[in-house]
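Undergrad: Sending over entry-v9.pdb (PDB, C-alpha atoms).
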```pdb
ATOM      1  CA  MET B   1       0.000   0.000   0.000
ATOM      2  CA  ARG B   2       1.302   3.419  -0.886
ATOM      3  CA  LYS B   3       1.693   5.859   1.947
ATOM      4  CA  PRO B   4      -0.886   8.660   1.922
ATOM      5  CA  LEU B   5       0.114  11.919   0.350
ATOM      6  CA  MET B   6       1.218  14.550   2.841
ATOM      7  CA  PHE B   7      -2.213  16.105   2.555
ATOM      8  CA  LEU B   8      -1.987  18.499   5.459
ATOM      9  CA  ILE B   9       1.388  19.790   4.323
ATOM     10  CA  VAL B  10       0.072  20.220   0.787
ATOM     11  CA  LEU B  11      -2.888  22.132   2.126
ATOM     12  CA  LEU B  12      -0.821  24.460   4.134
ATOM     13  CA  ALA B  13       1.944  25.073   1.509
ATOM     14  CA  ALA B  14     -30.695  19.558 -14.150
ATOM     15  CA  GLY B  15     -32.988  22.515 -13.572
ATOM     16  CA  GLY B  16     -32.733  26.151 -12.591
ATOM     17  CA  LEU B  17     -34.004  28.074  -9.581
ATOM     18  CA  LEU B  18     -33.921  31.834  -9.192
ATOM     19  CA  TYR B  19     -32.460  32.409  -5.732
ATOM     20  CA  ALA B  20     -33.480  35.650  -4.094
ATOM     21  CA  GLY B  21     -32.576  34.738  -0.535
ATOM     22  CA  GLY B  22     -34.617  34.691   2.648
ATOM     23  CA  GLN B  23     -36.785  37.580   3.785
ATOM     24  CA  THR B  24     -34.898  40.384   5.496
ATOM     25  CA  GLU B  25     -36.136  43.499   7.265
ATOM     26  CA  GLY B  26     -34.624  46.883   6.617
ATOM     27  CA  SER B  27     -31.352  47.560   4.878
ATOM     28  CA  SER B  28     -27.882  47.448   6.392
ATOM     29  CA  PRO B  29     -25.046  49.748   5.227
ATOM     30  CA  GLU B  30     -23.477  46.701   3.549
ATOM     31  CA  ALA B  31     -26.657  46.162   1.549
ATOM     32  CA  ALA B  32     -26.331  49.567  -0.082
ATOM     33  CA  SER B  33     -23.739  48.233  -2.524
ATOM     34  CA  GLY B  34     -25.348  49.587  -5.656
ATOM     35  CA  LEU B  35     -24.612  46.287  -7.409
ATOM     36  CA  SER B  36     -27.390  44.585  -9.325
ATOM     37  CA  GLY B  37     -27.893  41.892 -11.911
ATOM     38  CA  VAL B  38     -28.365  38.144 -12.296
ATOM     39  CA  VAL B  39     -25.663  35.517 -11.865
ATOM     40  CA  THR B  40     -26.086  31.897 -12.954
ATOM     41  CA  LEU B  41     -24.510  29.486 -10.492
ATOM     42  CA  TYR B  42     -23.845  25.836 -11.356
ATOM     43  CA  THR B  43     -23.501  23.667  -8.254
ATOM     44  CA  PRO B  44     -23.635  20.026  -7.186
ATOM     45  CA  HIS B  45     -24.343  21.202  -3.631
ATOM     46  CA  GLY B  46     -27.755  20.718  -2.099
ATOM     47  CA  ALA B  47     -29.840  23.489  -0.581
ATOM     48  CA  GLU B  48     -28.610  22.569   2.899
ATOM     49  CA  ILE B  49     -25.196  23.908   1.846
ATOM     50  CA  THR B  50     -26.084  26.719  -0.523
ATOM     51  CA  ASP B  51     -29.063  28.290   1.257
ATOM     52  CA  PRO B  52     -27.388  29.492   4.493
ATOM     53  CA  ILE B  53     -24.527  31.099   2.582
ATOM     54  CA  LEU B  54     -26.661  32.582  -0.180
ATOM     55  CA  ASP B  55     -29.095  33.971   2.408
ATOM     56  CA  ALA B  56     -26.161  35.909   3.881
ATOM     57  CA  PHE B  57     -25.074  36.977   0.395
ATOM     58  CA  HIS B  58     -28.544  38.279  -0.407
ATOM     59  CA  ALA B  59     -28.620  40.282   2.818
ATOM     60  CA  LYS B  60     -25.440  42.040   1.726
ATOM     61  CA  TYR B  61     -26.285  42.315  -1.991
ATOM     62  CA  PRO B  62     -30.106  42.375  -2.208
ATOM     63  CA  ASP B  63     -30.153  43.479  -5.841
ATOM     64  CA  ILE B  64     -28.047  40.588  -7.137
ATOM     65  CA  LYS B  65     -30.177  37.566  -7.998
ATOM     66  CA  ILE B  66     -28.657  34.122  -8.307
ATOM     67  CA  GLN B  67     -30.001  31.598 -10.786
ATOM     68  CA  ILE B  68     -29.110  28.162  -9.435
ATOM     69  CA  VAL B  69     -28.617  25.127 -11.661
ATOM     70  CA  SER B  70     -28.135  21.961  -9.584
ATOM     71  CA  ALA B  71     -26.832  18.634 -10.866
ATOM     72  CA  GLY B  72     -23.979  16.207 -10.301
ATOM     73  CA  THR B  73     -20.447  17.496 -10.803
ATOM     74  CA  GLY B  74     -19.888  15.309 -13.866
ATOM     75  CA  GLU B  75     -23.114  16.460 -15.464
ATOM     76  CA  LEU B  76     -22.310  20.112 -14.812
ATOM     77  CA  LEU B  77     -18.815  19.780 -16.272
ATOM     78  CA  SER B  78     -20.268  18.113 -19.361
ATOM     79  CA  ARG B  79     -22.793  20.911 -19.648
ATOM     80  CA  LEU B  80     -20.062  23.549 -19.366
ATOM     81  CA  GLU B  81     -18.088  21.733 -22.058
ATOM     82  CA  ALA B  82     -21.098  21.738 -24.368
ATOM     83  CA  GLU B  83     -21.731  25.427 -23.687
ATOM     84  CA  LYS B  84     -18.134  26.630 -23.839
ATOM     85  CA  ASP B  85     -18.653  28.680 -27.014
ATOM     86  CA  ASN B  86     -21.707  30.397 -25.540
ATOM     87  CA  PRO B  87     -21.666  29.916 -21.741
ATOM     88  CA  THR B  88     -24.786  30.195 -19.628
ATOM     89  CA  ALA B  89     -23.122  29.910 -16.230
ATOM     90  CA  ASP B  90     -21.041  32.561 -14.495
ATOM     91  CA  VAL B  91     -19.808  30.582 -11.481
ATOM     92  CA  MET B  92     -19.354  26.910 -10.624
ATOM     93  CA  TRP B  93     -19.365  26.126  -6.918
ATOM     94  CA  GLY B  94     -18.461  22.580  -5.886
ATOM     95  CA  GLY B  95     -16.248  19.766  -7.064
ATOM     96  CA  ASP B  96     -12.737  18.586  -6.246
ATOM     97  CA  THR B  97      -9.900  20.915  -7.226
ATOM     98  CA  ILE B  98      -8.555  18.195  -9.541
ATOM     99  CA  SER B  99     -11.855  18.276 -11.431
ATOM    100  CA  PHE B 100     -11.351  21.989 -12.026
ATOM    101  CA  GLU B 101      -7.791  21.357 -13.158
ATOM    102  CA  SER B 102      -8.953  18.548 -15.467
ATOM    103  CA  TYR B 103     -11.313  21.016 -17.163
ATOM    104  CA  SER B 104      -9.228  24.150 -16.688
ATOM    105  CA  HIS B 105     -10.045  25.450 -20.178
ATOM    106  CA  LEU B 106     -13.618  26.019 -19.012
ATOM    107  CA  PHE B 107     -12.664  28.450 -16.245
ATOM    108  CA  ALA B 108     -11.321  31.990 -16.076
ATOM    109  CA  SER B 109      -8.270  33.189 -14.178
ATOM    110  CA  TYR B 110      -9.114  35.542 -11.333
ATOM    111  CA  GLU B 111      -6.942  36.524  -8.368
ATOM    112  CA  SER B 112      -9.473  36.885  -5.560
ATOM    113  CA  PRO B 113      -8.541  39.008  -2.542
ATOM    114  CA  GLU B 114      -9.593  36.013  -0.429
ATOM    115  CA  ASP B 115      -6.951  33.691  -1.946
ATOM    116  CA  ALA B 116      -4.283  34.843   0.494
ATOM    117  CA  SER B 117      -6.295  33.431   3.413
ATOM    118  CA  MET B 118      -6.604  29.928   1.980
ATOM    119  CA  MET B 119      -4.673  26.762   2.894
ATOM    120  CA  LYS B 120      -3.853  26.263  -0.771
ATOM    121  CA  SER B 121      -4.190  28.282  -3.936
ATOM    122  CA  ASP B 122      -4.194  27.639  -7.656
ATOM    123  CA  PRO B 123      -1.118  29.184  -9.317
ATOM    124  CA  ALA B 124      -3.291  29.834 -12.368
ATOM    125  CA  HIS B 125      -6.006  31.432 -10.182
ATOM    126  CA  LYS B 126      -8.746  29.387 -11.837
ATOM    127  CA  TRP B 127     -10.116  27.571  -8.788
ATOM    128  CA  HIS B 128     -10.491  28.958  -5.294
ATOM    129  CA  PRO B 129     -10.848  26.646  -2.258
ATOM    130  CA  PHE B 130     -14.062  26.365  -0.291
ATOM    131  CA  SER B 131     -13.866  23.409   2.076
ATOM    132  CA  VAL B 132     -11.934  20.282   3.040
ATOM    133  CA  LEU B 133     -14.217  17.276   3.143
ATOM    134  CA  CYS B 134     -13.697  13.623   4.143
ATOM    135  CA  GLN B 135     -15.781  10.658   2.989
ATOM    136  CA  PRO B 136     -15.905   8.097   5.822
ATOM    137  CA  ILE B 137     -17.672   4.758   5.560
ATOM    138  CA  LEU B 138     -21.386   4.904   6.396
ATOM    139  CA  VAL B 139     -23.209   1.881   7.795
ATOM    140  CA  ASN B 140     -26.916   1.350   8.331
ATOM    141  CA  THR B 141     -27.159   0.352  11.982
ATOM    142  CA  ASP B 142     -30.393  -1.581  11.396
ATOM    143  CA  LEU B 143     -28.630  -3.836   8.906
ATOM    144  CA  VAL B 144     -25.110  -4.096  10.337
ATOM    145  CA  ALA B 145     -24.406  -5.260  13.894
ATOM    146  CA  ALA B 146     -21.889  -3.210  15.851
ATOM    147  CA  ASP B 147     -19.547  -6.174  16.265
ATOM    148  CA  VAL B 148     -19.140  -6.520  12.492
ATOM    149  CA  TYR B 149     -18.750  -2.874  11.552
ATOM    150  CA  PRO B 150     -15.919  -2.562   9.011
ATOM    151  CA  SER B 151     -12.917  -0.880  10.585
ATOM    152  CA  THR B 152     -10.936  -0.644   7.338
ATOM    153  CA  VAL B 153     -11.754   0.102   3.727
ATOM    154  CA  LYS B 154      -9.862  -3.020   2.706
ATOM    155  CA  GLN B 155     -12.458  -5.177   4.509
ATOM    156  CA  LEU B 156     -15.157  -3.927   2.115
ATOM    157  CA  ALA B 157     -13.730  -6.153  -0.629
ATOM    158  CA  ASP B 158     -14.322  -9.268   1.536
ATOM    159  CA  ALA B 159     -16.931 -11.851   0.556
ATOM    160  CA  ALA B 160     -19.021 -10.876   3.590
ATOM    161  CA  TRP B 161     -20.206  -7.799   1.664
ATOM    162  CA  LYS B 162     -21.006  -9.512  -1.649
ATOM    163  CA  ASP B 163     -24.387  -9.405  -3.414
ATOM    164  CA  GLY B 164     -24.556  -5.636  -3.605
ATOM    165  CA  LYS B 165     -24.337  -4.802   0.080
ATOM    166  CA  ILE B 166     -22.279  -1.658  -0.669
ATOM    167  CA  ALA B 167     -23.320   1.490  -2.524
ATOM    168  CA  LEU B 168     -20.723   3.415  -4.550
ATOM    169  CA  ALA B 169     -21.386   6.555  -6.563
ATOM    170  CA  ASP B 170     -20.410   6.543 -10.241
ATOM    171  CA  PRO B 171     -17.418   8.920 -10.641
ATOM    172  CA  ASN B 172     -18.589   9.753 -14.159
ATOM    173  CA  LYS B 173     -21.587  11.517 -12.634
ATOM    174  CA  SER B 174     -20.543  12.395  -9.105
ATOM    175  CA  GLY B 175     -17.681  14.515  -7.805
ATOM    176  CA  THR B 176     -17.899  12.667  -4.495
ATOM    177  CA  GLY B 177     -17.758   9.375  -6.382
ATOM    178  CA  TYR B 178     -14.639  10.576  -8.200
ATOM    179  CA  THR B 179     -12.985  11.547  -4.917
ATOM    180  CA  ILE B 180     -13.786   8.181  -3.324
ATOM    181  CA  VAL B 181     -12.711   6.042  -6.271
ATOM    182  CA  SER B 182      -9.517   7.964  -7.008
ATOM    183  CA  GLY B 183      -8.668   8.176  -3.313
ATOM    184  CA  LEU B 184      -9.069   4.404  -2.936
ATOM    185  CA  VAL B 185      -6.897   3.881  -5.998
ATOM    186  CA  ASN B 186      -4.322   6.123  -4.324
ATOM    187  CA  ALA B 187      -4.464   3.854  -1.272
ATOM    188  CA  TYR B 188      -4.715   0.365  -2.804
ATOM    189  CA  GLY B 189      -4.626   0.550  -6.596
ATOM    190  CA  TRP B 190      -7.120  -0.259  -9.344
ATOM    191  CA  ASP B 191      -7.081  -4.015  -8.656
ATOM    192  CA  PHE B 192      -8.584  -3.326  -5.238
ATOM    193  CA  VAL B 193     -11.275  -1.102  -6.718
ATOM    194  CA  GLY B 194     -12.127  -3.904  -9.148
ATOM    195  CA  LYS B 195     -12.582  -6.333  -6.230
ATOM    196  CA  LEU B 196     -14.620  -3.754  -4.323
ATOM    197  CA  LEU B 197     -16.929  -3.308  -7.301
ATOM    198  CA  ASP B 198     -17.863  -6.988  -7.086
ATOM    199  CA  ASN B 199     -19.650  -6.110  -3.820
ATOM    200  CA  CYS B 200     -21.150  -2.818  -4.968
ATOM    201  CA  VAL B 201     -24.276  -1.358  -6.430
ATOM    202  CA  VAL B 202     -23.133   1.634  -8.511
ATOM    203  CA  THR B 203     -25.460   4.584  -8.010
ATOM    204  CA  PRO B 204     -26.008   7.414 -10.523
ATOM    205  CA  GLY B 205     -24.852  10.052  -8.050
ATOM    206  CA  SER B 206     -23.726  10.648  -4.488
ATOM    207  CA  ASP B 207     -27.210  11.550  -3.207
ATOM    208  CA  ALA B 208     -28.456   8.137  -4.319
ATOM    209  CA  MET B 209     -25.518   6.476  -2.537
ATOM    210  CA  PHE B 210     -26.199   8.362   0.693
ATOM    211  CA  LYS B 211     -29.934   7.650   0.533
ATOM    212  CA  ALA B 212     -29.460   3.950  -0.206
ATOM    213  CA  VAL B 213     -27.632   3.499   3.107
ATOM    214  CA  LYS B 214     -29.945   5.773   5.110
ATOM    215  CA  ASP B 215     -33.058   4.040   3.814
ATOM    216  CA  GLY B 216     -31.700   0.539   4.342
ATOM    217  CA  GLU B 217     -31.509  -0.398   0.663
ATOM    218  CA  VAL B 218     -27.870  -1.368   1.210
ATOM    219  CA  ALA B 219     -25.843  -2.001   4.344
ATOM    220  CA  VAL B 220     -22.785   0.141   3.654
ATOM    221  CA  GLY B 221     -21.628   3.071   1.561
ATOM    222  CA  PHE B 222     -19.677   6.276   1.887
ATOM    223  CA  ILE B 223     -20.837   9.701   3.047
ATOM    224  CA  ASN B 224     -19.715  13.307   2.995
ATOM    225  CA  GLU B 225     -18.953  13.826   6.655
ATOM    226  CA  ASP B 226     -21.016  16.994   7.107
ATOM    227  CA  LEU B 227     -24.175  15.177   6.035
ATOM    228  CA  GLY B 228     -23.249  12.085   8.041
ATOM    229  CA  ALA B 229     -22.792  14.197  11.174
ATOM    230  CA  LYS B 230     -26.195  15.788  10.582
ATOM    231  CA  TRP B 231     -27.904  12.411  10.208
ATOM    232  CA  GLU B 232     -26.223  11.046  13.329
ATOM    233  CA  GLN B 233     -27.372  14.085  15.308
ATOM    234  CA  GLU B 234     -30.919  13.558  14.008
ATOM    235  CA  GLY B 235     -30.888   9.994  15.339
ATOM    236  CA  LEU B 236     -31.179   8.265  11.963
ATOM    237  CA  PRO B 237     -30.027   4.608  11.795
ATOM    238  CA  VAL B 238     -26.572   5.407  10.432
ATOM    239  CA  LYS B 239     -23.035   5.573  11.759
ATOM    240  CA  MET B 240     -19.916   7.090  10.238
ATOM    241  CA  ILE B 241     -16.687   5.095  10.450
ATOM    242  CA  TYR B 242     -13.374   6.775   9.716
ATOM    243  CA  ALA B 243     -11.463   3.727   8.458
ATOM    244  CA  LYS B 244      -8.110   3.044  10.071
ATOM    245  CA  ASP B 245      -6.348   2.357   6.786
ATOM    246  CA  ALA B 246      -7.704   4.993   4.399
ATOM    247  CA  VAL B 247     -10.095   7.928   4.480
ATOM    248  CA  THR B 248     -10.708   9.671   1.187
ATOM    249  CA  VAL B 249     -10.616  13.451   1.261
ATOM    250  CA  GLN B 250     -11.059  16.336  -1.100
ATOM    251  CA  MET B 251     -10.662  20.071  -1.215
ATOM    252  CA  ASP B 252     -13.605  21.447  -3.132
ATOM    253  CA  ALA B 253     -13.646  24.789  -4.835
ATOM    254  CA  VAL B 254     -15.425  27.567  -6.685
ATOM    255  CA  ALA B 255     -14.457  29.096 -10.028
ATOM    256  CA  LEU B 256     -15.490  31.680 -12.603
ATOM    257  CA  VAL B 257     -16.669  30.273 -15.898
ATOM    258  CA  ALA B 258     -14.620  31.487 -18.880
ATOM    259  CA  ASN B 259     -16.385  34.038 -21.120
ATOM    260  CA  SER B 260     -19.423  34.091 -18.839
ATOM    261  CA  PRO B 261     -22.333  36.505 -19.340
ATOM    262  CA  SER B 262     -21.790  38.424 -16.065
ATOM    263  CA  PRO B 263     -18.118  38.096 -15.100
ATOM    264  CA  GLU B 264     -17.865  41.141 -12.836
ATOM    265  CA  ILE B 265     -20.886  40.230 -10.725
ATOM    266  CA  GLY B 266     -19.665  36.637 -10.788
ATOM    267  CA  LYS B 267     -16.504  37.831  -9.041
ATOM    268  CA  VAL B 268     -18.630  39.373  -6.287
ATOM    269  CA  VAL B 269     -20.392  36.045  -5.745
ATOM    270  CA  LEU B 270     -17.113  34.112  -5.767
ATOM    271  CA  ASP B 271     -15.450  36.514  -3.322
ATOM    272  CA  PHE B 272     -18.354  36.165  -0.915
ATOM    273  CA  ILE B 273     -18.334  32.359  -1.076
ATOM    274  CA  CYS B 274     -14.611  32.517  -0.247
ATOM    275  CA  SER B 275     -15.018  35.097   2.537
ATOM    276  CA  ALA B 276     -14.495  34.465   6.248
ATOM    277  CA  ASP B 277     -18.166  35.275   6.889
ATOM    278  CA  ALA B 278     -19.328  32.571   4.469
ATOM    279  CA  HIS B 279     -16.825  30.056   5.824
ATOM    280  CA  LYS B 280     -17.951  30.651   9.412
ATOM    281  CA  ILE B 281     -21.484  29.854   8.261
ATOM    282  CA  ALA B 282     -20.167  26.686   6.600
ATOM    283  CA  VAL B 283     -18.540  25.573   9.854
ATOM    284  CA  GLU B 284     -21.286  26.580  12.271
ATOM    285  CA  GLN B 285     -24.402  25.700  10.281
ATOM    286  CA  ILE B 286     -23.231  23.032   7.827
ATOM    287  CA  SER B 287     -20.351  21.333   9.723
ATOM    288  CA  ARG B 288     -17.974  21.801   6.792
ATOM    289  CA  ARG B 289     -14.227  22.204   7.361
ATOM    290  CA  SER B 290     -13.214  25.591   6.014
ATOM    291  CA  ALA B 291     -10.303  25.840   3.583
ATOM    292  CA  ARG B 292      -9.346  29.175   5.175
ATOM    293  CA  ILE B 293      -6.445  29.317   7.619
ATOM    294  CA  ASP B 294      -8.299  31.782   9.852
ATOM    295  CA  VAL B 295     -11.491  29.725  10.400
ATOM    296  CA  ASP B 296     -11.441  26.819  12.869
ATOM    297  CA  PRO B 297     -12.943  23.453  11.844
ATOM    298  CA  PRO B 298     -16.205  22.090  13.297
ATOM    299  CA  SER B 299     -15.657  20.691  16.792
ATOM    300  CA  ILE B 300     -17.866  17.649  16.076
ATOM    301  CA  LEU B 301     -15.490  16.275  13.420
ATOM    302  CA  PRO B 302     -12.187  14.487  14.093
ATOM    303  CA  ALA B 303      -8.981  16.389  13.450
ATOM    304  CA  LEU B 304      -7.493  15.749  10.018
ATOM    305  CA  GLY B 305      -4.163  14.956  11.639
ATOM    306  CA  GLN B 306      -5.750  11.891  13.278
ATOM    307  CA  LEU B 307      -6.794  10.384   9.945
ATOM    308  CA  ASN B 308      -4.984   8.358   7.283
ATOM    309  CA  LEU B 309      -5.921  10.596   4.359
ATOM    310  CA  PHE B 310      -5.891   9.720   0.671
ATOM    311  CA  PRO B 311      -6.939  12.421  -1.797
ATOM    312  CA  ALA B 312      -7.639  11.833  -5.477
ATOM    313  CA  ASN B 313      -4.466  11.861  -7.550
ATOM    314  CA  GLU B 314      -5.468  11.079 -11.148
ATOM    315  CA  PRO B 315      -7.237  13.354 -13.654
ATOM    316  CA  ARG B 316     -10.979  12.979 -13.631
ATOM    317  CA  GLN B 317     -11.170  11.799 -17.248
ATOM    318  CA  VAL B 318      -8.670   8.998 -16.518
ATOM    319  CA  VAL B 319     -10.570   7.829 -13.436
ATOM    320  CA  ASN B 320     -13.887   7.927 -15.269
ATOM    321  CA  ALA B 321     -12.612   5.838 -18.174
ATOM    322  CA  LYS B 322     -10.917   3.202 -15.994
ATOM    323  CA  PHE B 323     -13.924   2.926 -13.686
ATOM    324  CA  GLU B 324     -16.333   2.554 -16.598
ATOM    325  CA  LYS B 325     -14.260  -0.302 -17.991
ATOM    326  CA  LEU B 326     -14.139  -2.083 -14.607
ATOM    327  CA  ALA B 327     -17.881  -1.623 -14.016
ATOM    328  CA  GLN B 328     -18.889  -3.275 -17.289
TER     329      GLN B 328
END
```
Spit out the file's structure as structure tokens when you get a sec.
TA:
Amino acid sequence: MRKPLMFLIVLLAAGGLLYAGGQTEGSSPEAASGLSGVVTLYTPHGAEITDPILDAFHAKYPDIKIQIVSAGTGELLSRLEAEKDNPTADVMWGGDTISFESYSHLFASYESPEDASMMKSDPAHKWHPFSVLCQPILVNTDLVAADVYPSTVKQLADAAWKDGKIALADPNKSGTGYTIVSGLVNAYGWDFVGKLLDNCVVTPGSDAMFKAVKDGEVAVGFINEDLGAKWEQEGLPVKMIYAKDAVTVQMDAVALVANSPSPEIGKVVLDFICSADAHKIAVEQISRRSARIDVDPPSILPALGQLNLFPANEPRQVVNAKFEKLAQ
């Protein structure tokens, strides 16, 4: 097994919805920005992530409306590729930084004033970090007894989990699926992923993977830790397990779309998503680990330094093609 990348050191060195925010009373001095217009935001994030931050954005910039287009990361990247000669989107928010690098021609360079406060930055200034996110194992506690919980990822390839007891998101459609698959390849290689697939039901996105475990359709899967923490706190029959041998991890990001319709207002949206105010909301209300060096992580999550971390390390197109061949 390859040793994990020095992730902490590296860090430190579809449909549309017009989002107008929650109802606010009065007008603060910040709200009198004089900026107005419509920005189209592509995002794989659910409303539980976008709404709290965009509510705060709308309070500060009440005359900027945000048109949200939600879909899986793979679908959104494909859509951006198809639209590259006449883009519809202004900003893409969500997806592993490697996904942005794999499709760098779709994004515009922009040196945000918030970049200096981040754990890591893109030398080309195309992507801008938002959060650091682990994907622990998730078990359904109604289906899996505590004494047989998997303690390692490697155990998931055992015969005990055959017949589709594990859900795994298709990396061709899901950014989370890409992170998990590429991270596991980083830990154990493609042969291991092939063996793991023998025990898996491949879902058409990460939401379907999460839901399959929560609803008891399968015994085991993977989960974005912020959502897993929320479900545990709600008393749902699930438990997160940070495997001893390998925990996949990503830094997700936000970027300006190249040649977008509203690039200047898009920069305002991007800067706010990267701001300390937005990141404090992410920590306090969403339980996301901020990618900023000046915002502490959620207290309910384990410290990254305690985990055996494996980020994705192959281009998205390569992972997608190899996975598709194995899954046939």
Undergrad: Please return the centre and edge lengths, in Å to one decimal, of a box with edges along x, y and z that contains all listed atoms of region 98-110 of chain B, widened by 6 Å on every side, as JSON.
TA:
```
{"center_x": -10.7, "center_y": 26.9, "center_z": -14.9, "size_x": 17.8, "size_y": 29.3, "size_z": 22.6}
```
Undergrad: Which residue gives the smallest distance to Val139 (chain B) among B:Ala212, B:Ala219, B:Ala108, B:Met118, with all atoms listed in the file counted?
TA: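 Checking each candidate against Val139 (chain B), we get B:Ala219 as the closest.
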Undergrad: Do a neighbour search on region 77-79 of chain B at 12 Å with all atoms listed in the file, toss out local chain neighbours closer than 4 positions, and write the hits as a PDB file with C-alpha atoms, keeping the file's coordinate frame.
TA:
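around37.pdb was written with the following content:
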```pdb
ATOM      1  CA  ALA B  14     -30.695  19.558 -14.150  1.00  0.00           C
ATOM      2  CA  GLY B  15     -32.988  22.515 -13.572  1.00  0.00           C
ATOM      3  CA  TYR B  42     -23.845  25.836 -11.356  1.00  0.00           C
ATOM      4  CA  THR B  43     -23.501  23.667  -8.254  1.00  0.00           C
ATOM      5  CA  PRO B  44     -23.635  20.026  -7.186  1.00  0.00           C
ATOM      6  CA  VAL B  69     -28.617  25.127 -11.661  1.00  0.00           C
ATOM      7  CA  SER B  70     -28.135  21.961  -9.584  1.00  0.00           C
ATOM      8  CA  ALA B  71     -26.832  18.634 -10.866  1.00  0.00           C
ATOM      9  CA  GLY B  72     -23.979  16.207 -10.301  1.00  0.00           C
ATOM     10  CA  THR B  73     -20.447  17.496 -10.803  1.00  0.00           C
ATOM     11  CA  GLU B  83     -21.731  25.427 -23.687  1.00  0.00           C
ATOM     12  CA  LYS B  84     -18.134  26.630 -23.839  1.00  0.00           C
ATOM     13  CA  ASP B  85     -18.653  28.680 -27.014  1.00  0.00           C
ATOM     14  CA  ASN B  86     -21.707  30.397 -25.540  1.00  0.00           C
ATOM     15  CA  PRO B  87     -21.666  29.916 -21.741  1.00  0.00           C
ATOM     16  CA  THR B  88     -24.786  30.195 -19.628  1.00  0.00           C
ATOM     17  CA  ALA B  89     -23.122  29.910 -16.230  1.00  0.00           C
ATOM     18  CA  VAL B  91     -19.808  30.582 -11.481  1.00  0.00           C
ATOM     19  CA  MET B  92     -19.354  26.910 -10.624  1.00  0.00           C
ATOM     20  CA  TRP B  93     -19.365  26.126  -6.918  1.00  0.00           C
ATOM     21  CA  GLY B  94     -18.461  22.580  -5.886  1.00  0.00           C
ATOM     22  CA  GLY B  95     -16.248  19.766  -7.064  1.00  0.00           C
ATOM     23  CA  ASP B  96     -12.737  18.586  -6.246  1.00  0.00           C
ATOM     24  CA  SER B  99     -11.855  18.276 -11.431  1.00  0.00           C
ATOM     25  CA  PHE B 100     -11.351  21.989 -12.026  1.00  0.00           C
ATOM     26  CA  GLU B 101      -7.791  21.357 -13.158  1.00  0.00           C
ATOM     27  CA  SER B 102      -8.953  18.548 -15.467  1.00  0.00           C
ATOM     28  CA  TYR B 103     -11.313  21.016 -17.163  1.00  0.00           C
ATOM     29  CA  SER B 104      -9.228  24.150 -16.688  1.00  0.00           C
ATOM     30  CA  HIS B 105     -10.045  25.450 -20.178  1.00  0.00           C
ATOM     31  CA  LEU B 106     -13.618  26.019 -19.012  1.00  0.00           C
ATOM     32  CA  PHE B 107     -12.664  28.450 -16.245  1.00  0.00           C
ATOM     33  CA  ASN B 172     -18.589   9.753 -14.159  1.00  0.00           C
ATOM     34  CA  LYS B 173     -21.587  11.517 -12.634  1.00  0.00           C
ATOM     35  CA  SER B 174     -20.543  12.395  -9.105  1.00  0.00           C
ATOM     36  CA  GLY B 175     -17.681  14.515  -7.805  1.00  0.00           C
ATOM     37  CA  VAL B 257     -16.669  30.273 -15.898  1.00  0.00           C
ATOM     38  CA  ARG B 316     -10.979  12.979 -13.631  1.00  0.00           C
ATOM     39  CA  GLN B 317     -11.170  11.799 -17.248  1.00  0.00           C
TER      40      GLN B 317
END
```
Undergrad: Can you list every residue of region 133-233 of chain B that has an atom at most 10 Å from region 303-310 of chain B, with its nearest atom pair and the distance in Å to one decimal, using only C-alpha atoms, ordered by chain then number, as a Markdown table?
TA:
```
| residue | atom | partner | partner_atom | distance |
| --- | --- | --- | --- | --- |
| B:Leu133 | CA | B:Leu304 | CA | 9.7 |
| B:Cys134 | CA | B:Leu309 | CA | 8.3 |
| B:Gln135 | CA | B:Leu309 | CA | 10.0 |
| B:Thr179 | CA | B:Phe310 | CA | 9.2 |
| B:Ile180 | CA | B:Phe310 | CA | 9.0 |
| B:Ser182 | CA | B:Phe310 | CA | 8.7 |
| B:Gly183 | CA | B:Phe310 | CA | 5.1 |
| B:Leu184 | CA | B:Phe310 | CA | 7.2 |
| B:Val185 | CA | B:Phe310 | CA | 8.9 |
| B:Asn186 | CA | B:Phe310 | CA | 6.4 |
| B:Ala187 | CA | B:Phe310 | CA | 6.3 |
```
Undergrad: So which residues are close to (-15.3, 21.1, 18.4), meaning at most 12 Å away in the file's coordinates with only C-alpha atoms counted, and can you show them as a list in words?
TA: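 Protein, DNA and RNA residues close to (-15.3, 21.1, 18.4): Val283, Glu284, Ser287, Arg288, Arg289, Asp296, Pro297, Pro298, Ser299, Ile300, Leu301, Pro302 and Ala303 of chain B.
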Undergrad: Looking at all atoms listed in the file, which of B:Ala276, B:Val269, B:Glu324, B:Ala243 is the one that sits closest to Ile66 (chain B)?
TA: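 Ranked by minimum distance to Ile66 (chain B), first place goes to B:Val269.
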Undergrad: Which residues are close to Asn224 (chain B), i.e. within 9 Å by only C-alpha atoms, leaving aside same-chain residues fewer than 3 positions away? Reply as a ChimeraX atom specification.
TA: /B:133-136,176,206,210,227-229
Undergrad: What separation in Å, quoted to one decimal, exists between CA of Lys230 (chain B) and CA of His128 (chain B)?
TA: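 These atoms are spaced 25.9 Å apart.
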Undergrad: Check which residues satisfy the PyMOL selection byres ((chain B and resi 273) around 12) in the file shown, then give them as a PyMOL selection string.
TA: chain B and resi 41+49-58+91-94+112-115+128-131+253-256+266-272+274-282+290-292
Undergrad: Given the file shown, determine the residues that the PyMOL selection byres ((chain B and resi 191) around 12) selects; report them as a VMD selection string.
TA: chain B and resid 1 154 157 181 184 to 190 192 to 198 322 to 323 326
Undergrad: When the PyMOL selection byres ((chain B and resi 217) around 12) is applied to the structure above, which residues does it catch, written out as a VMD selection string?
TA: chain B and resid 139 to 140 142 to 143 164 to 167 201 203 208 to 216 218 to 221
Undergrad: Between CA of Thr248 (chain B) and CA of Pro315 (chain B), what is the distance, to one decimal in Å?
TA: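 Straight-line distance from CA of Thr248 (chain B) to CA of Pro315 (chain B) works out to 15.7 Å.
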